[in-house]
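Colleague: Got a structure for you, written out below as structure tokens; questions coming shortly.
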Amino acid sequence: MRCYTYLEEQNADSLTLQERDVPRPGAGQVLVRLKAAALNYRDLLIITGRYPGMTSKGLVPLSDGAGEVVEVGAGVDRFKSGDRVTGCFFETWLSGTMLPAHYNAAIGGSTPGVLSEYRVFEAEALVATPAHLSDEEAATLPCAALTAWNALYEGRQLVPGETVLVLGTGGVSMFALQFAKASGAQVIATSSSDAKLAKAKALGADHLINYRNHPDWEQKVLEVTGGVGVDHVVEVGGPGTLQRSIAAARHAGAVHLIGVLTGGEINPLAVLFRTTLLRGVFVGSRDMFEAMNKLITARQIKPVIDRVFDFTDARAALAHLEGASHFGKVVIRIG
Ligand SMILES: NC(=O)c1ccc[n+]([C@@H]2O[C@H](COP(=O)([O-])OP(=O)(O)OC[C@H]3O[C@@H](n4cnc5c(N)ncnc54)[C@H](OP(=O)(O)O)[C@@H]3O)[C@@H](O)[C@H]2O)c1
């Protein structure tokens with residue numbers, strides 16, 4: 001089988017195709033023929049040495065993959081040959097709250113990734129692919145979609161009629177927009193690009209703010225919400241946007257801390273004075289993934305894919321993500 005790996009540390013150009021033997025599943029495991037893999041900002045963090053505790057040399061990259069079961073090991077009754085499946089980001093976080101040990105089983109970082117024609121998964125760490133999704137669409141779910149789901153439904157749950165602010169038009173934010181609209185919420189979307197804002201509007205965004213033209217975008221959010229602020233912020237920007245996100249949330253509103261796109265410092269006093277609920281979100285568990293897939297299926301939600309690259313163009317796909325011209329997800333077709 002063909003499989004990608006980085007030959008050198010922190011060198012994206014060293015991403016190379018290799019021939020390896022197709023692995024066999026052991027007890028409790030499943031061999032999956034991968035059909036598609038999706039990229040995340042995390043993959044750029046790993047290759048540039050900015051992801052704590054993770055190295056790139058020798059790594060098979062990418063966490064998010066979907067495909068078809070071709071063989072099951074002893075004792076597996078969760079899936080059978082021919083089933084369409086999608087992998088979980090954390091192979092051991094099946095339910096409940098996250099524990100430190102789960103970090104050591106994060107695909108494409110601490111364990112081998114999915115940029116490979118075949119991979120053995122623990123059967124428990126796979127979910128059934130929603131029938132209305134292609135493998136390319138399903139591959140976008142394990143990290144970006146589940147993070148958006150966890151933010152909006154697994155902490156302080158989004159209630160119909162509430163207002164959600166999404167920052168930028170990357171993978172996490174566009175899933176949050178789609179989930180929020182599917183739940184009857186109002187959505188305020190920001191972007192550096194008017195063209196991308198037009199696409200966000202087509203997806204259902206109610207209010208649009210160009211954060212490049214309006215560096216004090218939190219003031220625009222307050223204007224739009226009659227001075228009150230939003231109920232939820234899907235905070236993908238990190239330290240450089242967090243202070244404004246806290247100001248854009250209503251008193252006792254929820255700021256879901258997800259991203260690290262920017263650097264900076266914040267004054268935590270604002271959290272206290274505004275009694276903000278600041279909640280860290282780290283992807284999600286297998287059970288959360290299955291709960292999310294119920295909404296995706298019930299509302300026939302289709303992930304937003306910016307571009308699909310061929311398997312042989314993996315380096316170009318990473319460069320495309322790094323260029324940040326994308327809207328939604330970047331995917332690699334395998335095989
Ligand atoms: N905690 C977790 O579990 C978790 C899970 C997934 C992702 N993340 C993190 O969340 C962040 C987003 O991930 P992603 O995969 O969705 O990234 P992505 O698809 O690469 O999206 C990047 C987009 O973010 C927007 N952006 C950049 N700087 C911004 C700023 N200063 N203000 C507002 N928007 C800005 C841009 O949108 P426009 O071009 O529209 O301006 C850019 O295209 C990353 O830091 C990633 O590491 C965390």
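We label chains A, B, ... in the order they appear in the structure tokens, count residues from 1 in each chain, and number ligands from 1 in the order shown.
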Taking 5 positions as the minimum chain separation for residues in the same chain, which residues sit within 8 Å of range 176-192 of chain A when counting only C-alpha atoms? Answer as a ChimeraX atom specification.
Modeller: /A:145,148-149,152,158-169,197,200,203-213,221,234,299,301
Colleague: So which residues touch range 49-55 of chain A within 7 Å, counting only C-alpha atoms, skipping near sequence neighbours fewer than 2 positions away, as a ChimeraX atom specification?
Modeller: /A:9-10,45-47,57,109-110
Colleague: Residues as selected, C-alpha atoms, written as a PDB file, in the first residue's frame, can you do that?
Modeller:
```pdb
ATOM      1  CA  GLU A   9      11.461  17.157  11.162  1.00  0.00           C
ATOM      2  CA  GLN A  10       9.600  20.419  10.481  1.00  0.00           C
ATOM      3  CA  LEU A  45       0.985  23.362  13.667  1.00  0.00           C
ATOM      4  CA  ILE A  46       2.571  19.894  13.838  1.00  0.00           C
ATOM      5  CA  ILE A  47       4.778  20.356  10.782  1.00  0.00           C
ATOM      6  CA  LYS A  57       9.669  13.173  11.465  1.00  0.00           C
ATOM      7  CA  GLY A 109      -0.006  13.293  15.988  1.00  0.00           C
ATOM      8  CA  SER A 110       0.715  10.862  18.778  1.00  0.00           C
TER       9      SER A 110
END
```
Colleague: Record the distance separating CA of Gln29 in chain A and CA of Ala138 in chain A, expressed in Å with one decimal.
Modeller: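 Computing it gives 20.5 Å between the two atoms.
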Colleague: Show me, as JSON lines, the residues of chain A having an atom within 8 Å of ligand 1, each with the closest atom pair and its distance in Å, using only C-alpha atoms and all ligand atoms.
Modeller:
```
{"residue": "A:Leu39", "atom": "CA", "partner": "ligand 1", "partner_atom_place_in_ligand_line": "15 (O)", "distance": 7.4}
{"residue": "A:Asn40", "atom": "CA", "partner": "ligand 1", "partner_atom_place_in_ligand_line": "15 (O)", "distance": 4.2}
{"residue": "A:Tyr41", "atom": "CA", "partner": "ligand 1", "partner_atom_place_in_ligand_line": "15 (O)", "distance": 4.2}
{"residue": "A:Arg42", "atom": "CA", "partner": "ligand 1", "partner_atom_place_in_ligand_line": "47 (O)", "distance": 4.7}
{"residue": "A:Leu45", "atom": "CA", "partner": "ligand 1", "partner_atom_place_in_ligand_line": "47 (O)", "distance": 7.2}
{"residue": "A:Cys143", "atom": "CA", "partner": "ligand 1", "partner_atom_place_in_ligand_line": "6 (C)", "distance": 5.6}
{"residue": "A:Ala144", "atom": "CA", "partner": "ligand 1", "partner_atom_place_in_ligand_line": "6 (C)", "distance": 4.8}
{"residue": "A:Leu146", "atom": "CA", "partner": "ligand 1", "partner_atom_place_in_ligand_line": "5 (C)", "distance": 7.9}
{"residue": "A:Thr147", "atom": "CA", "partner": "ligand 1", "partner_atom_place_in_ligand_line": "5 (C)", "distance": 5.2}
{"residue": "A:Ala148", "atom": "CA", "partner": "ligand 1", "partner_atom_place_in_ligand_line": "5 (C)", "distance": 7.9}
{"residue": "A:Leu167", "atom": "CA", "partner": "ligand 1", "partner_atom_place_in_ligand_line": "33 (C)", "distance": 4.5}
{"residue": "A:Gly168", "atom": "CA", "partner": "ligand 1", "partner_atom_place_in_ligand_line": "37 (O)", "distance": 3.5}
{"residue": "A:Thr169", "atom": "CA", "partner": "ligand 1", "partner_atom_place_in_ligand_line": "40 (O)", "distance": 3.8}
{"residue": "A:Gly170", "atom": "CA", "partner": "ligand 1", "partner_atom_place_in_ligand_line": "21 (O)", "distance": 3.2}
{"residue": "A:Gly171", "atom": "CA", "partner": "ligand 1", "partner_atom_place_in_ligand_line": "16 (O)", "distance": 3.7}
{"residue": "A:Val172", "atom": "CA", "partner": "ligand 1", "partner_atom_place_in_ligand_line": "16 (O)", "distance": 3.8}
{"residue": "A:Ser173", "atom": "CA", "partner": "ligand 1", "partner_atom_place_in_ligand_line": "16 (O)", "distance": 5.9}
{"residue": "A:Met174", "atom": "CA", "partner": "ligand 1", "partner_atom_place_in_ligand_line": "16 (O)", "distance": 7.8}
{"residue": "A:Thr190", "atom": "CA", "partner": "ligand 1", "partner_atom_place_in_ligand_line": "33 (C)", "distance": 6.5}
{"residue": "A:Ser191", "atom": "CA", "partner": "ligand 1", "partner_atom_place_in_ligand_line": "40 (O)", "distance": 3.7}
{"residue": "A:Ser192", "atom": "CA", "partner": "ligand 1", "partner_atom_place_in_ligand_line": "41 (O)", "distance": 3.7}
{"residue": "A:Ser193", "atom": "CA", "partner": "ligand 1", "partner_atom_place_in_ligand_line": "40 (O)", "distance": 5.9}
{"residue": "A:Lys196", "atom": "CA", "partner": "ligand 1", "partner_atom_place_in_ligand_line": "40 (O)", "distance": 6.0}
{"residue": "A:Leu197", "atom": "CA", "partner": "ligand 1", "partner_atom_place_in_ligand_line": "40 (O)", "distance": 7.3}
{"residue": "A:Tyr211", "atom": "CA", "partner": "ligand 1", "partner_atom_place_in_ligand_line": "32 (N)", "distance": 6.8}
{"residue": "A:Glu235", "atom": "CA", "partner": "ligand 1", "partner_atom_place_in_ligand_line": "10 (O)", "distance": 7.8}
{"residue": "A:Val236", "atom": "CA", "partner": "ligand 1", "partner_atom_place_in_ligand_line": "10 (O)", "distance": 4.4}
{"residue": "A:Gly237", "atom": "CA", "partner": "ligand 1", "partner_atom_place_in_ligand_line": "30 (C)", "distance": 5.2}
{"residue": "A:Gly238", "atom": "CA", "partner": "ligand 1", "partner_atom_place_in_ligand_line": "45 (O)", "distance": 6.9}
{"residue": "A:Gly240", "atom": "CA", "partner": "ligand 1", "partner_atom_place_in_ligand_line": "31 (N)", "distance": 6.6}
{"residue": "A:Thr241", "atom": "CA", "partner": "ligand 1", "partner_atom_place_in_ligand_line": "31 (N)", "distance": 6.1}
{"residue": "A:Leu257", "atom": "CA", "partner": "ligand 1", "partner_atom_place_in_ligand_line": "1 (N)", "distance": 6.9}
{"residue": "A:Ile258", "atom": "CA", "partner": "ligand 1", "partner_atom_place_in_ligand_line": "1 (N)", "distance": 3.8}
{"residue": "A:Gly259", "atom": "CA", "partner": "ligand 1", "partner_atom_place_in_ligand_line": "10 (O)", "distance": 3.4}
{"residue": "A:Val260", "atom": "CA", "partner": "ligand 1", "partner_atom_place_in_ligand_line": "45 (O)", "distance": 3.7}
{"residue": "A:Leu261", "atom": "CA", "partner": "ligand 1", "partner_atom_place_in_ligand_line": "45 (O)", "distance": 4.1}
{"residue": "A:Thr262", "atom": "CA", "partner": "ligand 1", "partner_atom_place_in_ligand_line": "31 (N)", "distance": 6.0}
{"residue": "A:Gly280", "atom": "CA", "partner": "ligand 1", "partner_atom_place_in_ligand_line": "1 (N)", "distance": 7.1}
{"residue": "A:Val281", "atom": "CA", "partner": "ligand 1", "partner_atom_place_in_ligand_line": "1 (N)", "distance": 5.0}
{"residue": "A:Phe282", "atom": "CA", "partner": "ligand 1", "partner_atom_place_in_ligand_line": "3 (O)", "distance": 3.3}
{"residue": "A:Val283", "atom": "CA", "partner": "ligand 1", "partner_atom_place_in_ligand_line": "3 (O)", "distance": 3.7}
{"residue": "A:Gly284", "atom": "CA", "partner": "ligand 1", "partner_atom_place_in_ligand_line": "3 (O)", "distance": 7.3}
{"residue": "A:Leu321", "atom": "CA", "partner": "ligand 1", "partner_atom_place_in_ligand_line": "20 (O)", "distance": 6.0}
{"residue": "A:Glu322", "atom": "CA", "partner": "ligand 1", "partner_atom_place_in_ligand_line": "20 (O)", "distance": 7.1}
{"residue": "A:Ala324", "atom": "CA", "partner": "ligand 1", "partner_atom_place_in_ligand_line": "43 (O)", "distance": 4.5}
{"residue": "A:Ser325", "atom": "CA", "partner": "ligand 1", "partner_atom_place_in_ligand_line": "39 (O)", "distance": 6.0}
{"residue": "A:His326", "atom": "CA", "partner": "ligand 1", "partner_atom_place_in_ligand_line": "43 (O)", "distance": 6.0}
{"residue": "A:Phe327", "atom": "CA", "partner": "ligand 1", "partner_atom_place_in_ligand_line": "43 (O)", "distance": 6.6}
{"residue": "A:Gly328", "atom": "CA", "partner": "ligand 1", "partner_atom_place_in_ligand_line": "19 (O)", "distance": 6.0}
{"residue": "A:Lys329", "atom": "CA", "partner": "ligand 1", "partner_atom_place_in_ligand_line": "19 (O)", "distance": 6.1}
{"residue": "A:Val330", "atom": "CA", "partner": "ligand 1", "partner_atom_place_in_ligand_line": "19 (O)", "distance": 7.9}
```
Colleague: Identify all residues of range 249-286 of chain A in strand (DSSP E) (DSSP on the backbone) and supply them as a PyMOL selection string.
Modeller: chain A and resi 249-257+277-280
Colleague: What are the closest atom pairs, with distances in Å to one decimal, for each residue of range 21-90 of chain A lying within 8 Å of range 122-126 of chain A, using only C-alpha atoms, rows by chain and rising residue number, as JSON lines?
Modeller:
```
{"residue": "A:Gly28", "atom": "CA", "partner": "A:Ala123", "partner_atom": "CA", "distance": 5.9}
{"residue": "A:Gln29", "atom": "CA", "partner": "A:Glu122", "partner_atom": "CA", "distance": 4.4}
{"residue": "A:Val30", "atom": "CA", "partner": "A:Ala123", "partner_atom": "CA", "distance": 5.5}
{"residue": "A:Val76", "atom": "CA", "partner": "A:Ala123", "partner_atom": "CA", "distance": 6.8}
{"residue": "A:Arg78", "atom": "CA", "partner": "A:Ala123", "partner_atom": "CA", "distance": 6.7}
{"residue": "A:Phe79", "atom": "CA", "partner": "A:Ala123", "partner_atom": "CA", "distance": 7.3}
{"residue": "A:Val85", "atom": "CA", "partner": "A:Leu126", "partner_atom": "CA", "distance": 6.2}
{"residue": "A:Thr86", "atom": "CA", "partner": "A:Leu126", "partner_atom": "CA", "distance": 5.6}
{"residue": "A:Gly87", "atom": "CA", "partner": "A:Leu126", "partner_atom": "CA", "distance": 4.6}
{"residue": "A:Cys88", "atom": "CA", "partner": "A:Ala125", "partner_atom": "CA", "distance": 5.4}
{"residue": "A:Phe90", "atom": "CA", "partner": "A:Ala125", "partner_atom": "CA", "distance": 7.6}
```
Colleague: For the residues selected in the previous step, produce a file with C-alpha atoms as an mmCIF file, in the first residue's frame.
Modeller:
```cif
data_model
loop_
_atom_site.group_PDB
_atom_site.id
_atom_site.type_symbol
_atom_site.label_atom_id
_atom_site.label_comp_id
_atom_site.auth_asym_id
_atom_site.auth_seq_id
_atom_site.Cartn_x
_atom_site.Cartn_y
_atom_site.Cartn_z
ATOM 1 C CA GLY A 28 -10.899 -5.776 18.546
ATOM 2 C CA GLN A 29 -9.489 -4.010 15.486
ATOM 3 C CA VAL A 30 -10.687 -3.192 11.996
ATOM 4 C CA VAL A 76 -15.445 -7.317 16.518
ATOM 5 C CA ARG A 78 -19.486 -3.311 15.827
ATOM 6 C CA PHE A 79 -18.692 -3.378 12.079
ATOM 7 C CA VAL A 85 -16.811 4.221 8.534
ATOM 8 C CA THR A 86 -15.132 7.407 9.763
ATOM 9 C CA GLY A 87 -12.313 7.502 12.312
ATOM 10 C CA CYS A 88 -12.344 9.321 15.648
ATOM 11 C CA PHE A 90 -8.957 10.539 19.880
#
```
Colleague: Please compute the CA of Ala74 in chain A-CA of Ala27 in chain A distance, one decimal, in Å.
Modeller: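 Computing the Euclidean distance for CA of Ala74 in chain A and CA of Ala27 in chain A yields 4.4 Å.
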Colleague: Would you write out, as JSON lines, a table of all residues in range 138-220 of chain A that have an atom no more than 9 Å from an atom of range 245-253 of chain A, listing for each the closest atom pair and the distance in Å to one decimal, considering only C-alpha atoms and ordering rows by chain and rising residue number?
Modeller:
```
{"residue": "A:Leu165", "atom": "CA", "partner": "A:Ala248", "partner_atom": "CA", "distance": 8.4}
{"residue": "A:Trp217", "atom": "CA", "partner": "A:Ala248", "partner_atom": "CA", "distance": 8.4}
{"residue": "A:Glu218", "atom": "CA", "partner": "A:Ala248", "partner_atom": "CA", "distance": 4.8}
{"residue": "A:Gln219", "atom": "CA", "partner": "A:Ala248", "partner_atom": "CA", "distance": 7.2}
{"residue": "A:Lys220", "atom": "CA", "partner": "A:Ala248", "partner_atom": "CA", "distance": 8.6}
```
Colleague: Produce a file of the selected residues containing N, CA and C atoms, as a PDB file, in the first residue's frame.
Modeller:
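Here's the written file again-v7.pdb:
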```pdb
ATOM      1  N   LEU A 165     -21.722  33.723  17.441  1.00  0.00           N
ATOM      2  CA  LEU A 165     -20.709  34.436  16.656  1.00  0.00           C
ATOM      3  C   LEU A 165     -19.647  33.441  16.210  1.00  0.00           C
ATOM      4  N   TRP A 217     -14.251  44.771  15.575  1.00  0.00           N
ATOM      5  CA  TRP A 217     -15.443  44.030  15.152  1.00  0.00           C
ATOM      6  C   TRP A 217     -16.381  43.715  16.314  1.00  0.00           C
ATOM      7  N   GLU A 218     -15.845  43.670  17.533  1.00  0.00           N
ATOM      8  CA  GLU A 218     -16.729  43.371  18.674  1.00  0.00           C
ATOM      9  C   GLU A 218     -17.766  44.483  18.851  1.00  0.00           C
ATOM     10  N   GLN A 219     -17.393  45.718  18.444  1.00  0.00           N
ATOM     11  CA  GLN A 219     -18.354  46.832  18.523  1.00  0.00           C
ATOM     12  C   GLN A 219     -19.497  46.609  17.535  1.00  0.00           C
ATOM     13  N   LYS A 220     -19.149  46.099  16.361  1.00  0.00           N
ATOM     14  CA  LYS A 220     -20.176  45.776  15.344  1.00  0.00           C
ATOM     15  C   LYS A 220     -21.107  44.679  15.869  1.00  0.00           C
TER      16      LYS A 220
END
```
Colleague: For Ala101 in chain A, find every residue with an atom within 10 Å (counting only C-alpha atoms), except residues of its own chain fewer than 5 positions away, and show them as a list of chain:residue names.
Modeller: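 Near Ala101 in chain A, the qualifying residues are A:Phe90, A:Thr92, A:Trp93, A:Ala106.
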Colleague: Run DSSP on the backbone and give me the residues of range 9-250 of chain A it puts in alpha helix (DSSP H), as a tab-separated table (two decimals) with N, CA and C atoms, in the first residue's frame.
Modeller:
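Result written to out-v7.tsv:
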```
chain	number	residue	atom	x	y	z
A	41	TYR	N	-5.99	22.84	10.56
A	41	TYR	CA	-4.93	23.77	10.93
A	41	TYR	C	-3.89	23.08	11.80
A	42	ARG	N	-4.35	22.13	12.62
A	42	ARG	CA	-3.44	21.34	13.48
A	42	ARG	C	-2.30	20.71	12.67
A	43	ASP	N	-2.58	20.28	11.44
A	43	ASP	CA	-1.55	19.63	10.64
A	43	ASP	C	-0.43	20.61	10.30
A	44	LEU	N	-0.78	21.90	10.17
A	44	LEU	CA	0.24	22.93	9.95
A	44	LEU	C	1.02	23.18	11.24
A	45	LEU	N	0.31	23.15	12.38
A	45	LEU	CA	0.99	23.36	13.67
A	45	LEU	C	2.01	22.25	13.91
A	46	ILE	N	1.65	21.02	13.59
A	46	ILE	CA	2.57	19.89	13.84
A	46	ILE	C	3.81	20.02	12.97
A	47	ILE	N	3.62	20.33	11.69
A	47	ILE	CA	4.78	20.36	10.78
A	47	ILE	C	5.69	21.56	11.06
A	135	ASP	N	-17.50	9.84	1.02
A	135	ASP	CA	-16.33	9.65	1.90
A	135	ASP	C	-15.56	10.96	2.05
A	136	GLU	N	-15.51	11.73	0.98
A	136	GLU	CA	-14.80	13.02	1.07
A	136	GLU	C	-15.49	13.94	2.07
A	137	GLU	N	-16.80	13.96	2.06
A	137	GLU	CA	-17.54	14.79	3.03
A	137	GLU	C	-17.37	14.25	4.45
A	138	ALA	N	-17.46	12.92	4.59
A	138	ALA	CA	-17.36	12.33	5.93
A	138	ALA	C	-15.98	12.58	6.54
A	146	LEU	N	-16.61	18.01	14.84
A	146	LEU	CA	-16.85	17.58	16.23
A	146	LEU	C	-16.49	18.68	17.22
A	147	THR	N	-15.48	19.46	16.91
A	147	THR	CA	-15.12	20.58	17.78
A	147	THR	C	-16.26	21.60	17.82
A	148	ALA	N	-16.82	21.91	16.67
A	148	ALA	CA	-17.95	22.86	16.63
A	148	ALA	C	-19.14	22.30	17.40
A	149	TRP	N	-19.38	20.99	17.23
A	149	TRP	CA	-20.49	20.34	17.95
A	149	TRP	C	-20.28	20.42	19.46
A	150	ASN	N	-19.07	20.03	19.89
A	150	ASN	CA	-18.74	20.03	21.33
A	150	ASN	C	-18.96	21.43	21.91
A	151	ALA	N	-18.52	22.47	21.17
A	151	ALA	CA	-18.67	23.84	21.65
A	151	ALA	C	-20.15	24.17	21.88
A	152	LEU	N	-20.96	23.85	20.91
A	152	LEU	CA	-22.34	24.34	20.94
A	152	LEU	C	-23.32	23.44	21.70
A	153	TYR	N	-22.97	22.16	21.90
A	153	TYR	CA	-23.97	21.25	22.47
A	153	TYR	C	-23.52	20.47	23.70
A	171	GLY	N	-12.67	25.69	8.68
A	171	GLY	CA	-13.43	24.47	8.88
A	171	GLY	C	-14.33	24.48	10.10
A	172	VAL	N	-13.77	24.77	11.27
A	172	VAL	CA	-14.56	24.74	12.50
A	172	VAL	C	-15.72	25.74	12.41
A	173	SER	N	-15.41	26.95	11.96
A	173	SER	CA	-16.42	28.02	11.97
A	173	SER	C	-17.59	27.71	11.03
A	174	MET	N	-17.30	27.11	9.86
A	174	MET	CA	-18.40	26.84	8.94
A	174	MET	C	-19.28	25.68	9.42
A	175	PHE	N	-18.70	24.73	10.15
A	175	PHE	CA	-19.56	23.71	10.78
A	175	PHE	C	-20.41	24.35	11.87
A	176	ALA	N	-19.80	25.24	12.66
A	176	ALA	CA	-20.56	25.89	13.74
A	176	ALA	C	-21.73	26.69	13.14
A	177	LEU	N	-21.48	27.36	12.04
A	177	LEU	CA	-22.54	28.11	11.35
A	177	LEU	C	-23.67	27.17	10.92
A	178	GLN	N	-23.31	26.06	10.31
A	178	GLN	CA	-24.35	25.14	9.82
A	178	GLN	C	-25.13	24.51	10.98
A	179	PHE	N	-24.41	24.10	12.05
A	179	PHE	CA	-25.11	23.50	13.19
A	179	PHE	C	-26.02	24.52	13.86
A	180	ALA	N	-25.52	25.75	14.02
A	180	ALA	CA	-26.32	26.78	14.70
A	180	ALA	C	-27.59	27.07	13.91
A	181	LYS	N	-27.46	27.17	12.60
A	181	LYS	CA	-28.67	27.44	11.79
A	181	LYS	C	-29.63	26.24	11.85
A	182	ALA	N	-29.07	25.04	11.86
A	182	ALA	CA	-29.94	23.85	11.94
A	182	ALA	C	-30.67	23.79	13.27
A	194	ASP	N	-14.82	39.83	1.81
A	194	ASP	CA	-16.24	40.01	1.50
A	194	ASP	C	-16.77	38.85	0.65
A	195	ALA	N	-15.91	38.32	-0.21
A	195	ALA	CA	-16.34	37.19	-1.05
A	195	ALA	C	-16.69	35.99	-0.17
A	196	LYS	N	-15.88	35.75	0.85
A	196	LYS	CA	-16.17	34.63	1.76
A	196	LYS	C	-17.42	34.93	2.60
A	197	LEU	N	-17.61	36.19	2.96
A	197	LEU	CA	-18.82	36.54	3.72
A	197	LEU	C	-20.07	36.27	2.90
A	198	ALA	N	-19.96	36.51	1.59
A	198	ALA	CA	-21.12	36.24	0.72
A	198	ALA	C	-21.44	34.75	0.74
A	199	LYS	N	-20.40	33.92	0.78
A	199	LYS	CA	-20.63	32.46	0.86
A	199	LYS	C	-21.23	32.08	2.21
A	200	ALA	N	-20.77	32.75	3.28
A	200	ALA	CA	-21.33	32.48	4.61
A	200	ALA	C	-22.81	32.86	4.65
A	201	LYS	N	-23.15	33.94	3.96
A	201	LYS	CA	-24.56	34.36	3.90
A	201	LYS	C	-25.38	33.28	3.19
A	202	ALA	N	-24.82	32.75	2.11
A	202	ALA	CA	-25.54	31.70	1.37
A	202	ALA	C	-25.76	30.46	2.26
A	217	TRP	N	-14.25	44.77	15.57
A	217	TRP	CA	-15.44	44.03	15.15
A	217	TRP	C	-16.38	43.71	16.31
A	218	GLU	N	-15.85	43.67	17.53
A	218	GLU	CA	-16.73	43.37	18.67
A	218	GLU	C	-17.77	44.48	18.85
A	219	GLN	N	-17.39	45.72	18.44
A	219	GLN	CA	-18.35	46.83	18.52
A	219	GLN	C	-19.50	46.61	17.53
A	220	LYS	N	-19.15	46.10	16.36
A	220	LYS	CA	-20.18	45.78	15.34
A	220	LYS	C	-21.11	44.68	15.87
A	221	VAL	N	-20.52	43.71	16.56
A	221	VAL	CA	-21.35	42.63	17.12
A	221	VAL	C	-22.33	43.21	18.14
A	222	LEU	N	-21.84	44.12	18.97
A	222	LEU	CA	-22.72	44.74	19.97
A	222	LEU	C	-23.82	45.55	19.29
A	223	GLU	N	-23.46	46.25	18.22
A	223	GLU	CA	-24.48	47.02	17.46
A	223	GLU	C	-25.58	46.09	16.95
A	224	VAL	N	-25.16	45.01	16.33
A	224	VAL	CA	-26.11	44.07	15.72
A	224	VAL	C	-27.03	43.45	16.76
A	239	PRO	N	-5.39	33.95	21.46
A	239	PRO	CA	-5.07	35.13	22.28
A	239	PRO	C	-5.31	36.47	21.57
A	240	GLY	N	-5.11	36.52	20.25
A	240	GLY	CA	-5.25	37.79	19.53
A	240	GLY	C	-6.69	38.24	19.35
A	241	THR	N	-7.64	37.35	19.50
A	241	THR	CA	-9.05	37.72	19.32
A	241	THR	C	-9.87	37.55	20.59
A	242	LEU	N	-9.31	36.87	21.58
A	242	LEU	CA	-10.10	36.48	22.76
A	242	LEU	C	-10.69	37.67	23.51
A	243	GLN	N	-9.87	38.73	23.68
A	243	GLN	CA	-10.38	39.89	24.43
A	243	GLN	C	-11.63	40.46	23.76
A	244	ARG	N	-11.57	40.56	22.44
A	244	ARG	CA	-12.73	41.10	21.70
A	244	ARG	C	-13.91	40.12	21.75
A	245	SER	N	-13.59	38.83	21.73
A	245	SER	CA	-14.67	37.82	21.81
A	245	SER	C	-15.40	37.92	23.14
A	246	ILE	N	-14.64	38.13	24.22
A	246	ILE	CA	-15.27	38.26	25.54
A	246	ILE	C	-16.17	39.50	25.54
A	247	ALA	N	-15.68	40.58	24.93
A	247	ALA	CA	-16.48	41.81	24.88
A	247	ALA	C	-17.71	41.65	23.99
A	248	ALA	N	-17.62	40.75	22.99
A	248	ALA	CA	-18.74	40.55	22.06
A	248	ALA	C	-19.82	39.64	22.64
```
Colleague: Given only C-alpha atoms as the basis, pick out the residue of A:Pro23, A:Glu290, A:His132, A:Val255 nearest to Arg274 in chain A.
Modeller: A:Val255
Colleague: What's around Val60 in chain A at 6 Å? Count only C-alpha atoms, leave out sequence neighbours fewer than 3 positions away in its own chain, and write the answer as a PDB file with C-alpha atoms, in the first residue's frame.
Modeller:
```pdb
ATOM      1  CA  TYR A   4       2.763   9.284   3.268  1.00  0.00           C
ATOM      2  CA  THR A   5       5.312  10.171   5.919  1.00  0.00           C
ATOM      3  CA  PRO A 112      -0.086   7.206  12.924  1.00  0.00           C
ATOM      4  CA  GLY A 113      -2.415   9.278  10.769  1.00  0.00           C
TER       5      GLY A 113
END
```
Colleague: As an exercise, work out the distance from CA of Leu34 in chain A to CA of Cys3 in chain A in Å and give it to one decimal place.
Modeller: 10.7 Å
Colleague: I'd like the neighbourhood of Ala254 in chain A as a list in words, where a residue qualifies if any of its atoms comes within 8 Å (using only C-alpha atoms), though same-chain residues fewer than 3 positions away should be ignored.
Modeller: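 Listed by chain and then number, they are Arg156, Asp231, His232, Val233, Ala249, Thr276, Leu277, Leu278 and Arg279 of chain A.
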